[in-house]
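Quick look at work-v7.tsv (TSV, C-alpha atoms and all ligand atoms):
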```tsv
chain	number	residue	atom	x	y	z
F	177	MET	CA	31.38	2.45	28.37
F	178	PRO	CA	29.89	4.94	25.89
F	179	ALA	CA	26.14	5.18	26.15
F	180	THR	CA	24.47	3.46	23.19
F	181	LYS	CA	21.55	5.24	21.62
F	182	PRO	CA	18.29	3.28	21.81
F	183	LYS	CA	17.42	1.86	18.36
F	184	LYS	CA	14.41	3.50	16.74
F	185	ASN	CA	11.70	0.94	16.17
F	186	ILE	CA	11.00	1.37	12.48
F	187	GLU	CA	8.65	-1.60	12.56
F	188	GLY	CA	6.14	0.25	14.74
F	189	ARG	CA	3.73	-1.68	16.99
F	190	THR	CA	5.14	-5.21	16.62
F	191	ASP	CA	3.38	-5.98	19.90
F	192	LEU	CA	0.11	-5.67	17.98
F	193	TYR	CA	0.79	-7.25	14.59
F	194	SER	CA	2.70	-10.05	12.86
F	195	VAL	CA	3.57	-10.82	9.24
F	196	ARG	CA	2.56	-14.11	7.61
F	197	ASN	CA	1.14	-15.51	4.39
F	198	SER	CA	-2.19	-14.06	3.35
F	199	SER	CA	-5.10	-15.57	1.44
F	200	ILE	CA	-5.35	-12.24	-0.40
F	201	GLN	CA	-1.87	-12.28	-1.93
F	202	GLY	CA	1.67	-13.14	-0.84
F	203	LYS	CA	2.40	-11.89	2.65
F	204	GLY	CA	0.02	-9.93	4.82
F	205	VAL	CA	-0.05	-8.29	8.24
F	206	PHE	CA	-2.32	-9.65	10.96
F	207	ALA	CA	-3.51	-8.42	14.33
F	208	LYS	CA	-1.97	-10.36	17.24
F	209	LYS	CA	-4.17	-8.61	19.78
F	210	ARG	CA	-7.24	-6.43	19.81
F	211	ILE	CA	-6.34	-3.11	18.18
F	212	ARG	CA	-8.35	-0.03	19.05
F	213	LYS	CA	-9.65	2.34	16.40
F	214	GLY	CA	-7.20	5.25	15.98
F	215	THR	CA	-4.09	3.27	16.94
F	216	ARG	CA	-1.06	4.32	14.92
F	217	LEU	CA	0.54	1.04	13.85
F	218	ILE	CA	3.51	1.70	11.61
F	219	GLU	CA	5.06	4.26	9.30
F	220	TYR	CA	5.22	3.40	5.58
F	221	ARG	CA	9.01	3.55	5.17
F	222	GLY	CA	11.30	3.21	2.20
F	223	GLU	CA	13.45	5.22	-0.14
F	224	ARG	CA	11.94	8.60	-1.02
F	225	ILE	CA	12.35	9.29	-4.71
F	226	PRO	CA	11.00	11.74	-7.26
F	227	VAL	CA	8.03	10.55	-9.31
F	228	GLY	CA	10.12	10.49	-12.50
F	229	GLU	CA	12.64	8.14	-10.94
F	230	ALA	CA	9.85	5.77	-9.87
F	231	ASP	CA	8.59	5.77	-13.46
F	232	GLU	CA	12.04	4.84	-14.71
F	233	ARG	CA	12.54	2.14	-12.06
F	234	TYR	CA	9.25	0.39	-12.70
F	235	GLU	CA	8.24	0.40	-16.31
F	236	ASP	CA	5.22	-1.60	-17.47
F	237	ASP	CA	5.97	-5.28	-18.02
F	238	GLU	CA	3.66	-6.67	-20.68
F	239	ASN	CA	4.32	-10.27	-19.50
F	240	LYS	CA	2.98	-9.67	-15.99
F	241	THR	CA	-0.53	-11.00	-15.32
F	242	HIS	CA	-0.86	-9.39	-11.86
F	243	HIS	CA	0.58	-6.02	-11.04
F	244	HIS	CA	2.77	-5.75	-7.94
F	245	THR	CA	4.02	-2.55	-6.36
F	246	PHE	CA	5.72	-1.35	-3.20
F	247	LEU	CA	5.34	2.30	-4.22
F	248	PHE	CA	3.37	4.80	-2.19
F	249	SER	CA	2.74	8.24	-3.58
F	250	VAL	CA	3.19	10.97	-0.95
F	251	ASP	CA	2.31	13.89	-3.19
F	252	GLU	CA	2.67	14.95	-6.81
F	253	ARG	CA	6.46	15.00	-6.54
F	254	THR	CA	7.50	12.28	-4.12
F	255	VAL	CA	7.07	8.52	-4.02
F	256	ILE	CA	8.16	6.11	-1.28
F	257	ASP	CA	9.70	2.95	-2.69
F	258	ALA	CA	9.39	0.34	0.06
F	259	ALA	CA	11.35	-2.17	-2.04
F	260	VAL	CA	14.38	-0.20	-0.84
F	261	ASN	CA	14.84	0.07	2.94
F	262	GLY	CA	11.15	-0.67	3.46
F	263	ASN	CA	9.69	-1.98	6.69
F	264	ASN	CA	6.76	-4.29	7.48
F	265	ALA	CA	4.24	-1.70	6.27
F	266	ARG	CA	5.01	-2.89	2.75
F	267	TRP	CA	3.26	-6.21	3.49
F	268	ILE	CA	-0.12	-4.66	4.25
F	269	ASN	CA	-2.60	-5.64	1.55
F	270	HIS	CA	-5.38	-3.63	-0.05
F	271	SER	CA	-9.05	-4.09	0.81
F	272	CYS	CA	-12.23	-2.54	-0.54
F	273	ASP	CA	-13.51	-2.68	3.07
F	274	PRO	CA	-10.34	-1.75	4.96
F	275	ASN	CA	-9.81	-1.69	8.71
F	276	CYS	CA	-6.86	0.73	8.48
F	277	GLU	CA	-6.09	3.95	6.67
F	278	ALA	CA	-2.98	5.71	5.45
F	279	VAL	CA	-2.55	9.12	7.05
F	280	GLU	CA	-0.14	11.75	5.75
F	281	GLU	CA	1.60	13.97	8.28
F	282	GLU	CA	4.32	16.40	7.22
F	283	GLY	CA	5.24	14.25	4.25
F	284	ARG	CA	5.34	11.01	6.21
F	285	ILE	CA	2.77	8.23	5.82
F	286	TRP	CA	1.38	6.37	8.83
F	287	ILE	CA	-0.93	3.38	8.88
F	288	GLU	CA	-3.65	3.71	11.50
F	289	ALA	CA	-6.57	1.53	12.55
F	290	LYS	CA	-9.82	3.05	11.32
F	291	LYS	CA	-11.93	0.45	13.16
F	292	ASN	CA	-11.53	-1.74	16.22
F	293	ILE	CA	-9.68	-4.81	14.93
F	294	GLN	CA	-9.93	-8.29	16.44
F	295	PRO	CA	-6.99	-10.71	16.92
F	296	GLY	CA	-6.30	-12.73	13.74
F	297	GLN	CA	-7.87	-10.20	11.38
F	298	GLU	CA	-5.75	-9.11	8.46
F	299	LEU	CA	-4.81	-5.42	8.40
F	300	SER	CA	-5.64	-3.60	5.19
F	301	TYR	CA	-6.12	-0.17	3.75
F	302	ASN	CA	-7.55	1.12	0.49
F	303	TYR	CA	-4.63	1.64	-1.87
F	304	GLN	CA	-6.62	3.97	-4.13
F	305	LEU	CA	-4.25	3.07	-6.90
F	306	ASP	CA	-4.27	5.77	-9.48
F	307	ARG	CA	-3.42	4.84	-13.02
F	308	GLU	CA	-2.85	7.72	-15.34
F	309	GLY	CA	-4.13	7.32	-18.85
F	310	ARG	CA	-7.02	5.37	-20.29
F	311	PHE	CA	-8.72	2.70	-18.14
F	312	GLU	CA	-8.06	-0.35	-20.29
F	313	LYS	CA	-9.93	-3.68	-20.31
F	314	LYS	CA	-6.79	-5.63	-19.36
F	315	PHE	CA	-6.61	-3.73	-16.04
F	316	TRP	CA	-9.40	-5.94	-14.64
F	317	GLN	CA	-6.93	-8.83	-14.65
F	318	LEU	CA	-3.77	-6.84	-13.98
F	319	TYR	CA	-5.18	-5.06	-10.93
F	320	GLU	CA	-7.70	-7.74	-9.89
F	321	CYS	CA	-8.67	-7.32	-6.24
F	322	ARG	CA	-8.84	-10.48	-4.17
F	323	CYS	CA	-9.73	-8.87	-0.85
F	324	GLY	CA	-12.88	-10.98	-0.48
F	325	ALA	CA	-14.97	-8.16	1.04
F	326	SER	CA	-18.68	-8.27	0.29
F	327	ASN	CA	-18.36	-4.86	-1.36
F	328	CYS	CA	-15.19	-5.81	-3.29
F	329	ARG	CA	-14.89	-3.75	-6.48
F	330	LYS	CA	-12.83	-6.56	-8.07
F	331	ILE	CA	-10.16	-4.05	-9.02
F	332	MET	CA	-7.55	-2.25	-6.92
F	333	LEU	CA	-7.64	0.88	-9.07
F	334	ALA	CA	-9.54	3.92	-7.88
F	335	ARG	CA	-12.44	4.96	-10.09
F	336	PRO	CA	-11.15	6.77	-13.16
F	337	LYS	CA	-11.24	10.53	-12.84
F	338	PRO	CA	-12.45	12.80	-15.62
F	339	PRO	CA	-9.50	13.56	-17.94
F	340	LYS	CA	-7.25	16.41	-16.84
F	341	ARG	CA	-6.17	19.08	-19.24
F	342	LYS	CA	-2.57	18.45	-18.16
F	343	LYS	CA	-0.70	16.31	-20.67
F	344	THR	CA	0.76	13.08	-19.30
F	345	THR	CA	2.98	10.68	-21.12
F	346	LYS	CA	3.33	7.80	-18.69
F	347	ASN	CA	0.98	5.19	-17.34
F	348	ARG	CA	2.16	5.30	-13.77
F	349	VAL	CA	0.57	3.50	-10.84
F	350	VAL	CA	0.85	5.06	-7.43
F	351	LYS	CA	-0.60	4.32	-4.08
F	352	LYS	CA	-2.31	7.37	-2.73
F	353	LYS	CA	-3.12	8.34	0.76
F	401	LIG	C1	2.58	-3.44	-0.85
F	401	LIG	S1	2.42	-5.05	-1.54
F	401	LIG	C2	1.51	-5.90	-0.29
F	401	LIG	C3	2.20	-7.17	0.13
F	401	LIG	C4	2.06	-8.32	-0.86
F	401	LIG	N1	1.00	-9.22	-0.41
F	401	LIG	C5	3.37	-9.07	-0.96
F	401	LIG	O1	3.51	-10.19	-0.44
F	401	LIG	O2	4.30	-8.51	-1.57
F	401	LIG	C6	1.23	-4.64	-2.76
F	401	LIG	C7	0.93	-5.72	-3.75
F	401	LIG	O3	0.28	-6.84	-3.12
F	401	LIG	C8	-0.74	-7.34	-3.98
F	401	LIG	N2	-2.05	-7.11	-3.36
F	401	LIG	C9	-2.31	-6.34	-2.28
F	401	LIG	N3	-3.62	-6.32	-2.00
F	401	LIG	C10	-4.22	-7.09	-2.91
F	401	LIG	C11	-5.58	-7.43	-3.18
F	401	LIG	N4	-6.57	-7.00	-2.42
F	401	LIG	N5	-5.84	-8.24	-4.25
F	401	LIG	C12	-4.85	-8.68	-5.01
F	401	LIG	N6	-3.54	-8.39	-4.84
F	401	LIG	C13	-3.22	-7.60	-3.79
F	401	LIG	C14	-0.64	-6.58	-5.30
F	401	LIG	O4	0.23	-7.26	-6.16
F	401	LIG	C15	-0.04	-5.27	-4.84
F	401	LIG	O5	0.62	-4.56	-5.84
F	402	ZN	ZN	-11.57	-5.82	-3.09
```
As a first step, turn the structure in this file into structure tokens.
Ligand SMILES: C[S@@+](CC[C@H](N)C(=O)[O-])C[C@H]1O[C@@H](n2cnc3c(N)ncnc32)[C@H](O)[C@@H]1O
Ligand SMILES: [Zn+2]
Amino acid sequence: MPATKPKKNIEGRTDLYSVRNSSIQGKGVFAKKRIRKGTRLIEYRGERIPVGEADERYEDDENKTHHHTFLFSVDERTVIDAAVNGNNARWINHSCDPNCEAVEEEGRIWIEAKKNIQPGQELSYNYQLDREGRFEKKFWQLYECRCGASNCRKIMLARPKPPKRKKTTKNRVVKKK
């Protein structure tokens, strides 16, 4: 019999987490066991596409009341679209007081515990969503944060940066490391 290659576990530490409905939004990822600070849990996987292609794929929808994205921005050129070939990392919600962080290593994104996490706690990281262009009033509804943390900023967008000199034409939302 030909030797079969062991399957790579793209879902990471499934011994430590499970996916179920979240009170924050939709599905979420929860600790099954105590997770120690520094534990690498899962890679944020999906199709790697150029920024321009992500812009074309996901144009603004004026009818949407709550923004939803599976995109993660790796750098200024590349975006991971977890809607295509994504793994369980795409279910991890945002929190303003996160217990995990996204770590970039040679162009790959890993989700790691930044605190000790107790069984049953929901895993989260700060999306630092970056919206190019003017910070409009409607964003408070569109990007409303429901993380429930005592320091919740009530919005998933990162604080607006001072305007760059570089000209941009699109209002793109990306998740940053
Ligand atoms: C990568 S998905 C996370 C999984 C999501 N709960 C689901 O079931 O698809 C990211 C989206 O989840 C929602 N989300 C994540 N964290 C949130 C939060 N703190 N408050 C409100 N919505 C959140 C937003 O719609 C966001 O664009
Ligand atoms: Zn919040």
- prompt: Counting only C-alpha atoms and all ligand atoms, what residues are within 6 Å of ligand LIG 401 (chain F), given as a PyMOL selection string?
  reply: chain F and resi 200-204+243-246+266-271+320-323
Would you save the residues from that selection as a CSV table (one decimal), keeping the file's coordinate frame, using C-alpha atoms?
```
chain,number,residue,atom,x,y,z
F,200,ILE,CA,-5.4,-12.2,-0.4
F,201,GLN,CA,-1.9,-12.3,-1.9
F,202,GLY,CA,1.7,-13.1,-0.8
F,203,LYS,CA,2.4,-11.9,2.6
F,204,GLY,CA,0.0,-9.9,4.8
F,243,HIS,CA,0.6,-6.0,-11.0
F,244,HIS,CA,2.8,-5.8,-7.9
F,245,THR,CA,4.0,-2.6,-6.4
F,246,PHE,CA,5.7,-1.4,-3.2
F,266,ARG,CA,5.0,-2.9,2.8
F,267,TRP,CA,3.3,-6.2,3.5
F,268,ILE,CA,-0.1,-4.7,4.2
F,269,ASN,CA,-2.6,-5.6,1.6
F,270,HIS,CA,-5.4,-3.6,0.0
F,271,SER,CA,-9.0,-4.1,0.8
F,320,GLU,CA,-7.7,-7.7,-9.9
F,321,CYS,CA,-8.7,-7.3,-6.2
F,322,ARG,CA,-8.8,-10.5,-4.2
F,323,CYS,CA,-9.7,-8.9,-0.8
```
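Pairwise distance (atom CA of Asp251 of chain F, atom CA of Ser194 of chain F) equals 28.8 Å.
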Which chain F residues have any atom within 12 Å of an atom of ligand ZN 402 (chain F), and for each, what is the nearest pair of atoms with distance in Å to one decimal, counting only C-alpha atoms and all ligand atoms, rows sorted by chain and number, as CSV?
```
residue,atom,partner,partner_atom,distance
F:Ile200,CA,F:ZN402,ZN,9.3
F:Gln201,CA,F:ZN402,ZN,11.7
F:Asn269,CA,F:ZN402,ZN,10.1
F:His270,CA,F:ZN402,ZN,7.2
F:Ser271,CA,F:ZN402,ZN,5.0
F:Cys272,CA,F:ZN402,ZN,4.2
F:Asp273,CA,F:ZN402,ZN,7.2
F:Pro274,CA,F:ZN402,ZN,9.1
F:Ser300,CA,F:ZN402,ZN,10.4
F:Tyr301,CA,F:ZN402,ZN,10.4
F:Asn302,CA,F:ZN402,ZN,8.8
F:Tyr303,CA,F:ZN402,ZN,10.3
F:Gln304,CA,F:ZN402,ZN,11.0
F:Trp316,CA,F:ZN402,ZN,11.8
F:Tyr319,CA,F:ZN402,ZN,10.1
F:Glu320,CA,F:ZN402,ZN,8.1
F:Cys321,CA,F:ZN402,ZN,4.5
F:Arg322,CA,F:ZN402,ZN,5.5
F:Cys323,CA,F:ZN402,ZN,4.2
F:Gly324,CA,F:ZN402,ZN,5.9
F:Ala325,CA,F:ZN402,ZN,5.8
F:Ser326,CA,F:ZN402,ZN,8.2
F:Asn327,CA,F:ZN402,ZN,7.1
F:Cys328,CA,F:ZN402,ZN,3.6
F:Arg329,CA,F:ZN402,ZN,5.2
F:Lys330,CA,F:ZN402,ZN,5.2
F:Ile331,CA,F:ZN402,ZN,6.3
F:Met332,CA,F:ZN402,ZN,6.6
F:Leu333,CA,F:ZN402,ZN,9.8
F:Ala334,CA,F:ZN402,ZN,11.0
```
- request: Report the distance between atom CA of Val250 of chain F and atom CA of Arg224 of chain F in Å, rounded to one decimal place.
  value: 9.1 Å
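If all atoms listed in the file are the atoms counted, then among F:Arg335, F:Lys209, F:Arg253, F:His242 the closest residue to Phe311 of chain F is F:Arg335.
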field: Spatial neighbours of segment 210-214 of chain F, max dist 7 Å, only C-alpha atoms, sep filter under 6 positions, as a list in words
entry: Leu192, Glu288, Ala289, Lys290, Lys291, Asn292, Ile293, Gln294 and Pro295 of chain F
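Among the candidates F:Tyr193, F:Phe206, F:Trp286, F:Tyr220, the one nearest to Gly262 of chain F when counting all atoms listed in the file is F:Tyr220.
The spacing separating atom CA of Ala258 of chain F from atom CA of Arg221 of chain F amounts to 6.0 Å.
Here the question is which of F:Ala278, F:Leu299, F:Ile285, F:Ala207 gets nearest to Glu219 of chain F using only C-alpha atoms, and that residue is F:Ile285.
If you measure from each of F:Glu277, F:Leu305, F:Phe315, F:Ser199 to Leu217 of chain F using all atoms listed in the file, the closest one turns out to be F:Glu277.
Distance check against Gly283 of chain F using all atoms listed in the file: of F:Asn264, F:Phe248, F:Asn185, F:Glu229, the minimum falls on F:Phe248.
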Centre and edge lengths, as JSON, for the axis-aligned box enclosing every listed atom of segment 211-225 of chain F with 8 Å of padding on each of the six sides, in Å to one decimal?
```
{"center_x": 1.9, "center_y": 3.1, "center_z": 7.2, "size_x": 39.1, "size_y": 28.4, "size_z": 39.8}
```
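Considering only C-alpha atoms, the residue among F:Glu298, F:Asp306, F:Glu312, F:Asp231 positioned nearest to Asp257 of chain F is F:Asp231.
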